[in-house]
$ cat start.cif   # mmCIF, N, CA and C atoms
data_protein
loop_
_atom_site.label_atom_id
_atom_site.label_comp_id
_atom_site.auth_asym_id
_atom_site.auth_seq_id
_atom_site.Cartn_x
_atom_site.Cartn_y
_atom_site.Cartn_z
N ALA A 328 -5.30 -23.92 62.81
CA ALA A 328 -6.15 -24.59 61.83
C ALA A 328 -6.21 -26.08 62.16
N ASP A 329 -7.36 -26.67 61.89
CA ASP A 329 -7.50 -28.11 62.08
C ASP A 329 -6.87 -28.88 60.93
N PHE A 330 -6.83 -28.25 59.75
CA PHE A 330 -6.27 -28.89 58.56
C PHE A 330 -5.36 -27.92 57.84
N VAL A 331 -4.22 -28.44 57.37
CA VAL A 331 -3.32 -27.67 56.53
C VAL A 331 -3.03 -28.53 55.30
N MET A 332 -3.26 -27.96 54.11
CA MET A 332 -2.98 -28.66 52.87
C MET A 332 -1.83 -27.96 52.15
N VAL A 333 -0.93 -28.77 51.60
CA VAL A 333 0.16 -28.22 50.81
C VAL A 333 0.24 -28.97 49.49
N CYS A 334 0.71 -28.26 48.47
CA CYS A 334 0.99 -28.86 47.17
C CYS A 334 2.08 -28.00 46.54
N VAL A 335 3.30 -28.49 46.61
CA VAL A 335 4.44 -27.73 46.10
C VAL A 335 5.17 -28.56 45.04
N GLY A 336 6.40 -28.19 44.70
CA GLY A 336 7.07 -28.76 43.54
C GLY A 336 7.64 -30.16 43.63
N ASN A 337 8.45 -30.42 44.65
CA ASN A 337 9.16 -31.70 44.69
C ASN A 337 9.56 -32.05 46.13
N ASP A 338 10.29 -33.13 46.29
CA ASP A 338 10.69 -33.58 47.63
C ASP A 338 11.37 -32.49 48.45
N ASN A 339 12.32 -31.80 47.85
CA ASN A 339 13.05 -30.76 48.59
C ASN A 339 12.14 -29.62 49.02
N ASP A 340 11.20 -29.25 48.14
CA ASP A 340 10.24 -28.19 48.47
C ASP A 340 9.35 -28.61 49.65
N VAL A 341 8.87 -29.83 49.61
CA VAL A 341 8.02 -30.33 50.70
C VAL A 341 8.79 -30.31 52.01
N ARG A 342 10.01 -30.81 51.98
CA ARG A 342 10.83 -30.85 53.19
C ARG A 342 11.02 -29.44 53.76
N GLU A 343 11.30 -28.48 52.90
CA GLU A 343 11.50 -27.10 53.34
C GLU A 343 10.22 -26.51 53.93
N VAL A 344 9.10 -26.72 53.26
CA VAL A 344 7.84 -26.14 53.70
C VAL A 344 7.34 -26.79 55.00
N LEU A 345 7.60 -28.06 55.17
CA LEU A 345 7.06 -28.75 56.34
C LEU A 345 7.99 -28.76 57.55
N VAL A 346 9.30 -28.94 57.33
CA VAL A 346 10.21 -29.06 58.47
C VAL A 346 11.40 -28.11 58.40
N GLY A 347 11.38 -27.20 57.45
CA GLY A 347 12.47 -26.23 57.31
C GLY A 347 12.45 -25.22 58.45
N ALA A 348 13.25 -24.20 58.30
CA ALA A 348 13.40 -23.18 59.36
C ALA A 348 12.07 -22.58 59.80
N HIS A 349 11.14 -22.41 58.88
CA HIS A 349 9.82 -21.86 59.21
C HIS A 349 8.74 -22.87 58.83
N GLY A 350 9.01 -24.14 59.09
CA GLY A 350 8.15 -25.23 58.64
C GLY A 350 6.77 -25.25 59.27
N ALA A 351 5.83 -25.74 58.50
CA ALA A 351 4.43 -25.79 58.93
C ALA A 351 4.21 -26.71 60.12
N ILE A 352 4.91 -27.83 60.17
CA ILE A 352 4.67 -28.79 61.25
C ILE A 352 4.91 -28.16 62.62
N ALA A 353 5.98 -27.39 62.76
CA ALA A 353 6.29 -26.76 64.05
C ALA A 353 5.22 -25.74 64.45
N ALA A 354 4.51 -25.19 63.48
CA ALA A 354 3.49 -24.18 63.77
C ALA A 354 2.11 -24.76 64.00
N MET A 355 1.94 -26.05 63.73
CA MET A 355 0.62 -26.68 63.84
C MET A 355 0.34 -27.13 65.27
N ARG A 356 -0.91 -27.09 65.63
CA ARG A 356 -1.27 -27.53 66.98
C ARG A 356 -1.47 -29.05 66.99
N PRO A 357 -1.20 -29.67 68.11
CA PRO A 357 -1.41 -31.12 68.23
C PRO A 357 -2.86 -31.49 67.89
N GLY A 358 -3.01 -32.59 67.17
CA GLY A 358 -4.33 -33.05 66.76
C GLY A 358 -4.74 -32.58 65.38
N ALA A 359 -4.02 -31.62 64.83
CA ALA A 359 -4.32 -31.13 63.48
C ALA A 359 -3.91 -32.18 62.45
N VAL A 360 -4.40 -32.03 61.23
CA VAL A 360 -4.08 -32.94 60.14
C VAL A 360 -3.38 -32.17 59.03
N LEU A 361 -2.22 -32.67 58.62
CA LEU A 361 -1.45 -32.10 57.52
C LEU A 361 -1.66 -33.00 56.31
N ILE A 362 -2.15 -32.43 55.22
CA ILE A 362 -2.43 -33.18 54.00
C ILE A 362 -1.50 -32.66 52.90
N ASP A 363 -0.62 -33.54 52.43
CA ASP A 363 0.33 -33.15 51.40
C ASP A 363 -0.13 -33.69 50.05
N HIS A 364 -0.52 -32.78 49.15
CA HIS A 364 -1.00 -33.17 47.82
C HIS A 364 0.12 -33.20 46.77
N THR A 365 1.33 -32.90 47.17
CA THR A 365 2.45 -32.93 46.24
C THR A 365 2.73 -34.37 45.81
N THR A 366 3.07 -34.57 44.54
CA THR A 366 3.54 -35.88 44.10
C THR A 366 5.02 -35.95 44.42
N THR A 367 5.36 -36.83 45.37
CA THR A 367 6.75 -36.96 45.83
C THR A 367 7.11 -38.43 45.89
N SER A 368 8.25 -38.72 46.51
CA SER A 368 8.63 -40.11 46.74
C SER A 368 7.89 -40.65 47.95
N ALA A 369 7.66 -41.95 47.96
CA ALA A 369 7.03 -42.59 49.12
C ALA A 369 7.92 -42.46 50.35
N GLY A 370 9.22 -42.50 50.14
CA GLY A 370 10.16 -42.35 51.25
C GLY A 370 10.02 -41.00 51.93
N LEU A 371 9.84 -39.94 51.16
CA LEU A 371 9.64 -38.62 51.75
C LEU A 371 8.33 -38.58 52.53
N ALA A 372 7.29 -39.19 51.99
CA ALA A 372 6.01 -39.22 52.70
C ALA A 372 6.17 -39.88 54.06
N GLU A 373 6.90 -40.97 54.10
CA GLU A 373 7.14 -41.67 55.37
C GLU A 373 7.97 -40.81 56.32
N GLU A 374 8.96 -40.11 55.77
CA GLU A 374 9.80 -39.22 56.58
C GLU A 374 8.98 -38.06 57.17
N MET A 375 8.13 -37.44 56.35
CA MET A 375 7.33 -36.32 56.82
C MET A 375 6.26 -36.80 57.81
N ALA A 376 5.74 -38.00 57.60
CA ALA A 376 4.77 -38.55 58.55
C ALA A 376 5.42 -38.73 59.92
N ALA A 377 6.64 -39.22 59.95
CA ALA A 377 7.34 -39.41 61.23
C ALA A 377 7.56 -38.07 61.92
N ALA A 378 7.93 -37.05 61.15
CA ALA A 378 8.14 -35.72 61.73
C ALA A 378 6.83 -35.15 62.27
N ALA A 379 5.76 -35.35 61.54
CA ALA A 379 4.45 -34.86 61.98
C ALA A 379 4.01 -35.57 63.25
N VAL A 380 4.10 -36.88 63.26
CA VAL A 380 3.67 -37.65 64.44
C VAL A 380 4.47 -37.24 65.67
N ALA A 381 5.76 -36.98 65.50
CA ALA A 381 6.60 -36.55 66.62
C ALA A 381 6.11 -35.22 67.21
N ALA A 382 5.42 -34.42 66.39
CA ALA A 382 4.89 -33.13 66.84
C ALA A 382 3.41 -33.22 67.24
N GLY A 383 2.86 -34.44 67.21
CA GLY A 383 1.46 -34.62 67.59
C GLY A 383 0.48 -34.28 66.48
N VAL A 384 0.97 -34.26 65.25
CA VAL A 384 0.16 -33.90 64.08
C VAL A 384 -0.03 -35.14 63.22
N SER A 385 -1.22 -35.32 62.66
CA SER A 385 -1.45 -36.43 61.72
C SER A 385 -1.00 -36.00 60.33
N PHE A 386 -0.54 -36.97 59.53
CA PHE A 386 -0.05 -36.67 58.19
C PHE A 386 -0.69 -37.62 57.19
N LEU A 387 -1.18 -37.06 56.10
CA LEU A 387 -1.70 -37.85 54.99
C LEU A 387 -0.92 -37.49 53.73
N ASP A 388 -0.30 -38.50 53.09
CA ASP A 388 0.26 -38.22 51.77
C ASP A 388 -0.90 -38.46 50.81
N ALA A 389 -1.19 -37.45 50.01
CA ALA A 389 -2.43 -37.45 49.23
C ALA A 389 -2.24 -36.85 47.84
N PRO A 390 -1.40 -37.48 47.01
CA PRO A 390 -1.23 -36.94 45.66
C PRO A 390 -2.55 -36.99 44.89
N VAL A 391 -2.67 -36.12 43.92
CA VAL A 391 -3.92 -35.99 43.18
C VAL A 391 -3.74 -36.34 41.71
N SER A 392 -4.85 -36.70 41.10
CA SER A 392 -4.91 -36.91 39.66
C SER A 392 -6.09 -36.09 39.16
N GLY A 393 -5.93 -35.51 38.01
CA GLY A 393 -7.02 -34.70 37.43
C GLY A 393 -6.54 -33.37 36.89
N GLY A 394 -5.32 -32.99 37.25
CA GLY A 394 -4.72 -31.78 36.71
C GLY A 394 -5.42 -30.50 37.13
N GLN A 395 -5.04 -29.42 36.49
CA GLN A 395 -5.58 -28.10 36.82
C GLN A 395 -7.09 -28.05 36.56
N ALA A 396 -7.53 -28.66 35.47
CA ALA A 396 -8.97 -28.64 35.16
C ALA A 396 -9.77 -29.34 36.25
N GLY A 397 -9.26 -30.46 36.74
CA GLY A 397 -9.93 -31.18 37.82
C GLY A 397 -9.97 -30.36 39.10
N ALA A 398 -8.90 -29.63 39.36
CA ALA A 398 -8.86 -28.79 40.56
C ALA A 398 -9.88 -27.66 40.46
N VAL A 399 -9.95 -27.02 39.31
CA VAL A 399 -10.88 -25.91 39.12
C VAL A 399 -12.33 -26.40 39.25
N LYS A 400 -12.62 -27.59 38.74
CA LYS A 400 -13.98 -28.13 38.77
C LYS A 400 -14.30 -28.88 40.06
N GLY A 401 -13.33 -29.02 40.96
CA GLY A 401 -13.55 -29.78 42.18
C GLY A 401 -13.71 -31.26 41.91
N ALA A 402 -12.99 -31.74 40.89
CA ALA A 402 -13.16 -33.11 40.44
C ALA A 402 -11.87 -33.93 40.51
N LEU A 403 -11.01 -33.63 41.46
CA LEU A 403 -9.76 -34.37 41.60
C LEU A 403 -10.00 -35.78 42.14
N THR A 404 -9.10 -36.67 41.83
CA THR A 404 -9.03 -37.98 42.47
C THR A 404 -7.84 -37.92 43.42
N VAL A 405 -8.05 -38.31 44.67
CA VAL A 405 -7.00 -38.23 45.68
C VAL A 405 -6.70 -39.63 46.20
N MET A 406 -5.44 -40.03 46.10
CA MET A 406 -4.97 -41.32 46.59
C MET A 406 -4.24 -41.08 47.90
N ILE A 407 -4.76 -41.63 48.99
CA ILE A 407 -4.27 -41.23 50.30
C ILE A 407 -3.59 -42.37 51.04
N GLY A 408 -2.42 -42.03 51.58
CA GLY A 408 -1.72 -42.92 52.50
C GLY A 408 -1.72 -42.26 53.86
N GLY A 409 -2.02 -43.05 54.90
CA GLY A 409 -1.99 -42.49 56.24
C GLY A 409 -2.94 -43.18 57.17
N ASP A 410 -2.96 -42.68 58.37
CA ASP A 410 -3.77 -43.22 59.45
C ASP A 410 -5.26 -43.15 59.12
N GLU A 411 -5.97 -44.22 59.39
CA GLU A 411 -7.40 -44.28 59.06
C GLU A 411 -8.21 -43.23 59.83
N THR A 412 -7.85 -42.97 61.07
CA THR A 412 -8.56 -41.96 61.85
C THR A 412 -8.40 -40.58 61.24
N ALA A 413 -7.18 -40.23 60.85
CA ALA A 413 -6.93 -38.93 60.21
C ALA A 413 -7.65 -38.84 58.87
N PHE A 414 -7.67 -39.94 58.14
CA PHE A 414 -8.39 -39.97 56.86
C PHE A 414 -9.88 -39.70 57.08
N THR A 415 -10.48 -40.41 58.01
CA THR A 415 -11.91 -40.24 58.29
C THR A 415 -12.21 -38.80 58.72
N LYS A 416 -11.36 -38.25 59.55
CA LYS A 416 -11.51 -36.87 60.03
C LYS A 416 -11.46 -35.87 58.86
N SER A 417 -10.74 -36.23 57.79
CA SER A 417 -10.47 -35.31 56.68
C SER A 417 -11.43 -35.42 55.51
N THR A 418 -12.28 -36.43 55.49
CA THR A 418 -13.08 -36.68 54.28
C THR A 418 -13.98 -35.51 53.89
N ALA A 419 -14.59 -34.84 54.83
CA ALA A 419 -15.47 -33.72 54.48
C ALA A 419 -14.69 -32.57 53.85
N VAL A 420 -13.49 -32.32 54.36
CA VAL A 420 -12.65 -31.27 53.80
C VAL A 420 -12.21 -31.65 52.39
N LEU A 421 -11.77 -32.88 52.21
CA LEU A 421 -11.31 -33.36 50.90
C LEU A 421 -12.45 -33.34 49.87
N ALA A 422 -13.67 -33.62 50.31
CA ALA A 422 -14.82 -33.64 49.40
C ALA A 422 -15.11 -32.27 48.80
N ALA A 423 -14.62 -31.22 49.43
CA ALA A 423 -14.87 -29.86 48.91
C ALA A 423 -14.18 -29.62 47.57
N TYR A 424 -13.13 -30.36 47.28
CA TYR A 424 -12.41 -30.14 46.02
C TYR A 424 -12.05 -31.43 45.29
N SER A 425 -12.65 -32.54 45.69
CA SER A 425 -12.33 -33.82 45.09
C SER A 425 -13.60 -34.56 44.68
N LYS A 426 -13.50 -35.29 43.60
CA LYS A 426 -14.61 -36.13 43.15
C LYS A 426 -14.51 -37.51 43.78
N ARG A 427 -13.28 -38.00 43.90
CA ARG A 427 -13.06 -39.34 44.45
C ARG A 427 -11.89 -39.28 45.42
N VAL A 428 -12.09 -39.86 46.61
CA VAL A 428 -11.06 -39.90 47.64
C VAL A 428 -10.95 -41.34 48.12
N ALA A 429 -9.73 -41.89 48.10
CA ALA A 429 -9.56 -43.28 48.54
C ALA A 429 -8.31 -43.40 49.40
N ARG A 430 -8.49 -43.99 50.59
CA ARG A 430 -7.34 -44.33 51.42
C ARG A 430 -6.85 -45.68 50.92
N VAL A 431 -5.57 -45.74 50.55
CA VAL A 431 -5.01 -46.95 49.96
C VAL A 431 -4.02 -47.67 50.87
N GLY A 432 -3.81 -47.16 52.07
CA GLY A 432 -2.92 -47.82 53.01
C GLY A 432 -2.23 -46.83 53.93
N PRO A 433 -1.14 -47.27 54.56
CA PRO A 433 -0.41 -46.42 55.50
C PRO A 433 0.37 -45.33 54.77
N ASN A 434 1.02 -44.46 55.55
CA ASN A 434 1.82 -43.39 54.93
C ASN A 434 2.77 -43.97 53.90
N GLY A 435 2.83 -43.29 52.75
CA GLY A 435 3.64 -43.73 51.62
C GLY A 435 2.81 -44.44 50.56
N ALA A 436 1.70 -45.04 50.95
CA ALA A 436 0.87 -45.78 50.01
C ALA A 436 0.20 -44.87 48.99
N GLY A 437 -0.14 -43.66 49.38
CA GLY A 437 -0.72 -42.71 48.43
C GLY A 437 0.25 -42.40 47.30
N GLN A 438 1.51 -42.18 47.67
CA GLN A 438 2.54 -41.91 46.66
C GLN A 438 2.77 -43.13 45.76
N ARG A 439 2.75 -44.31 46.36
CA ARG A 439 2.94 -45.53 45.55
C ARG A 439 1.77 -45.72 44.57
N ALA A 440 0.55 -45.44 45.00
CA ALA A 440 -0.60 -45.53 44.11
C ALA A 440 -0.49 -44.52 42.97
N LYS A 441 -0.01 -43.32 43.28
CA LYS A 441 0.17 -42.31 42.23
C LYS A 441 1.22 -42.76 41.22
N MET A 442 2.29 -43.41 41.70
CA MET A 442 3.31 -43.94 40.79
C MET A 442 2.70 -44.96 39.83
N VAL A 443 1.87 -45.85 40.33
CA VAL A 443 1.20 -46.84 39.49
C VAL A 443 0.31 -46.14 38.47
N ASN A 444 -0.43 -45.13 38.91
CA ASN A 444 -1.28 -44.34 38.02
C ASN A 444 -0.45 -43.74 36.88
N GLN A 445 0.69 -43.17 37.21
CA GLN A 445 1.53 -42.53 36.18
C GLN A 445 2.09 -43.55 35.19
N VAL A 446 2.49 -44.73 35.68
CA VAL A 446 2.99 -45.78 34.80
C VAL A 446 1.89 -46.24 33.84
N CYS A 447 0.68 -46.38 34.34
CA CYS A 447 -0.45 -46.78 33.49
C CYS A 447 -0.70 -45.74 32.41
N ILE A 448 -0.70 -44.47 32.78
CA ILE A 448 -0.92 -43.40 31.81
C ILE A 448 0.18 -43.41 30.75
N ALA A 449 1.42 -43.59 31.18
CA ALA A 449 2.54 -43.64 30.23
C ALA A 449 2.38 -44.80 29.26
N GLY A 450 1.94 -45.95 29.75
CA GLY A 450 1.73 -47.12 28.89
C GLY A 450 0.65 -46.88 27.85
N ILE A 451 -0.43 -46.24 28.29
CA ILE A 451 -1.53 -45.92 27.36
C ILE A 451 -1.04 -44.96 26.29
N LEU A 452 -0.32 -43.92 26.69
CA LEU A 452 0.19 -42.95 25.71
C LEU A 452 1.15 -43.61 24.73
N GLN A 453 1.99 -44.50 25.22
CA GLN A 453 2.92 -45.20 24.33
C GLN A 453 2.15 -46.05 23.33
N GLY A 454 1.14 -46.76 23.79
CA GLY A 454 0.34 -47.59 22.90
C GLY A 454 -0.38 -46.76 21.85
N LEU A 455 -0.96 -45.64 22.25
CA LEU A 455 -1.63 -44.74 21.31
C LEU A 455 -0.64 -44.19 20.28
N SER A 456 0.52 -43.82 20.74
CA SER A 456 1.54 -43.27 19.84
C SER A 456 1.97 -44.30 18.81
N GLU A 457 2.17 -45.53 19.25
CA GLU A 457 2.59 -46.58 18.33
C GLU A 457 1.46 -46.92 17.35
N GLY A 458 0.21 -46.84 17.82
CA GLY A 458 -0.93 -47.12 16.97
C GLY A 458 -1.10 -46.10 15.86
N ILE A 459 -0.73 -44.86 16.13
CA ILE A 459 -0.86 -43.80 15.14
C ILE A 459 0.20 -43.95 14.05
N LEU A 460 1.38 -44.44 14.43
CA LEU A 460 2.45 -44.59 13.43
C LEU A 460 2.16 -45.77 12.59
#
$ encode --input "start.cif" --output "structure tokens"
Amino acid sequence: ADFVMVCVGNDNDVREVLVGAHGAIAAMRPGAVLIDHTTTSAGLAEEMAAAAVAAGVSFLDAPVSGGQAGAVKGALTVMIGGDETAFTKSTAVLAAYSKRVARVGPNGAGQRAKMVNQVCIAGILQGLSEGIL
């Protein structure tokens, strides 16, 4: 495959799926692009990017916002960290299930952008909750 997308539970799950005993990276052909939609730590994204590059595979950390409803409607927002060439190569594939796709920097930057997104949402919810009381 030219593209492999994953979205699993947490850092340990990603590590197992990508570089574990039967990991995806070892099975991918050089030049392919691995897109990880899991919300993880930026450090893990950087670690997985290094493993992918060592195997000749491009890696994009690409957490999503929009939830299950956004996924079903093809309306996700994707915050991407990674190589600009891999990002450009992937845009048509990402457009199939995303409303907005933005490269925000090198590997790890997608995860950092998602963290900022989550902090903003938490602040809004806290403000709304306090306003109701």
$ closest_residue --input "start.cif" --among "A:Thr404, A:Thr366, A:Ser392, A:Ser417" --to "Phe330 of chain A" --atoms "all atoms listed in the file"
A:Ser417
$ atom_distance --input "start.cif" --atom1 "atom CA of Arg430 of chain A" --atom2 "atom CA of Val443 of chain A"
14.9 Å
$ closest_atom_pairs --input "start.cif" --of "segment 411-446 of chain A" --to "segment 450-453 of chain A" --cutoff "8 Å" --atoms "all atoms listed in the file" --output "JSON lines"
{"residue": "A:Asn444", "atom": "C", "partner": "A:Gly450", "partner_atom": "N", "distance": 7.8}
{"residue": "A:Gln445", "atom": "C", "partner": "A:Gly450", "partner_atom": "N", "distance": 5.9}
{"residue": "A:Val446", "atom": "C", "partner": "A:Gly450", "partner_atom": "N", "distance": 4.1}
$ select_by_dssp --input "start.cif" --residues "segment 332-451 of chain A" --states "strand (DSSP E)" --output "list in words"
Met332, Val333, Val360, Leu361, Ile362, Asp363, Ser385, Phe386, Leu387, Asp388, Val391, Ser392, Leu403, Thr404, Val405, Met406, Ile407, Gly408, Gly409, Ser425, Lys426, Arg427, Val428, Ala429, Arg430, Val431 and Gly432 of chain A
$ closest_atom_pairs --input "start.cif" --of "segment 378-423 of chain A" --to "segment 340-352 of chain A" --cutoff "7 Å" --atoms "all atoms listed in the file" --output "tab-separated table"
residue	atom	partner	partner_atom	distance
A:Ala378	C	A:Ile352	CA	6.8
A:Ala379	CA	A:Ile352	CA	6.1
A:Ala382	CA	A:Ile352	C	6.5
$ closest_residue --input "start.cif" --among "A:Val335, A:Leu455, A:Met442, A:Val399" --to "His364 of chain A" --atoms "only N, CA and C atoms"
A:Val335
$ closest_residue --input "start.cif" --among "A:Pro390, A:Gly358, A:Pro433, A:Gly458" --to "Asp410 of chain A" --atoms "only N, CA and C atoms"
A:Pro433
$ atom_distance --input "start.cif" --atom1 "atom N of Ala429 of chain A" --atom2 "atom CA of Ser368 of chain A"
18.5 Å
$ select_by_dssp --input "start.cif" --residues "segment 389-450 of chain A" --states "helix (DSSP H, G or I)" --output "count of residues only"
34
$ resolve_selection --input "start.cif" --expression "the PyMOL selection byres (((chain A and resi 401 and name CA) around 7) and name CA)" --output "PyMOL selection string"
chain A and resi 397-400+402-403+423-426
$ resolve_selection --input "start.cif" --expression "the PyMOL selection byres ((chain A and resi 329) around 8)" --output "mmCIF file with N, CA and C atoms, in the coordinates of the input"
data_model
loop_
_atom_site.group_PDB
_atom_site.id
_atom_site.type_symbol
_atom_site.label_atom_id
_atom_site.label_comp_id
_atom_site.auth_asym_id
_atom_site.auth_seq_id
_atom_site.Cartn_x
_atom_site.Cartn_y
_atom_site.Cartn_z
ATOM 1 N N ALA A 328 -5.300 -23.920 62.810
ATOM 2 C CA ALA A 328 -6.150 -24.590 61.830
ATOM 3 C C ALA A 328 -6.210 -26.080 62.160
ATOM 4 N N PHE A 330 -6.830 -28.250 59.750
ATOM 5 C CA PHE A 330 -6.270 -28.890 58.560
ATOM 6 C C PHE A 330 -5.360 -27.920 57.840
ATOM 7 N N VAL A 331 -4.220 -28.440 57.370
ATOM 8 C CA VAL A 331 -3.320 -27.670 56.530
ATOM 9 C C VAL A 331 -3.030 -28.530 55.300
ATOM 10 N N MET A 332 -3.260 -27.960 54.110
ATOM 11 C CA MET A 332 -2.980 -28.660 52.870
ATOM 12 C C MET A 332 -1.830 -27.960 52.150
ATOM 13 N N ARG A 356 -0.910 -27.090 65.630
ATOM 14 C CA ARG A 356 -1.270 -27.530 66.980
ATOM 15 C C ARG A 356 -1.470 -29.050 66.990
ATOM 16 N N GLY A 358 -3.010 -32.590 67.170
ATOM 17 C CA GLY A 358 -4.330 -33.050 66.760
ATOM 18 C C GLY A 358 -4.740 -32.580 65.380
ATOM 19 N N ALA A 359 -4.020 -31.620 64.830
ATOM 20 C CA ALA A 359 -4.320 -31.130 63.480
ATOM 21 C C ALA A 359 -3.910 -32.180 62.450
ATOM 22 N N VAL A 360 -4.400 -32.030 61.230
ATOM 23 C CA VAL A 360 -4.080 -32.940 60.140
ATOM 24 C C VAL A 360 -3.380 -32.170 59.030
ATOM 25 N N LEU A 361 -2.220 -32.670 58.620
ATOM 26 C CA LEU A 361 -1.450 -32.100 57.520
ATOM 27 C C LEU A 361 -1.660 -33.000 56.310
#
$ atom_distance --input "start.cif" --atom1 "atom N of Met355 of chain A" --atom2 "atom N of Gly393 of chain A"
28.5 Å
$ resolve_selection --input "start.cif" --expression "the PyMOL selection byres ((chain A and resi 409) around 8)" --output "VMD selection string"
chain A and resid 385 to 389 406 to 408 410 to 414 430 to 437
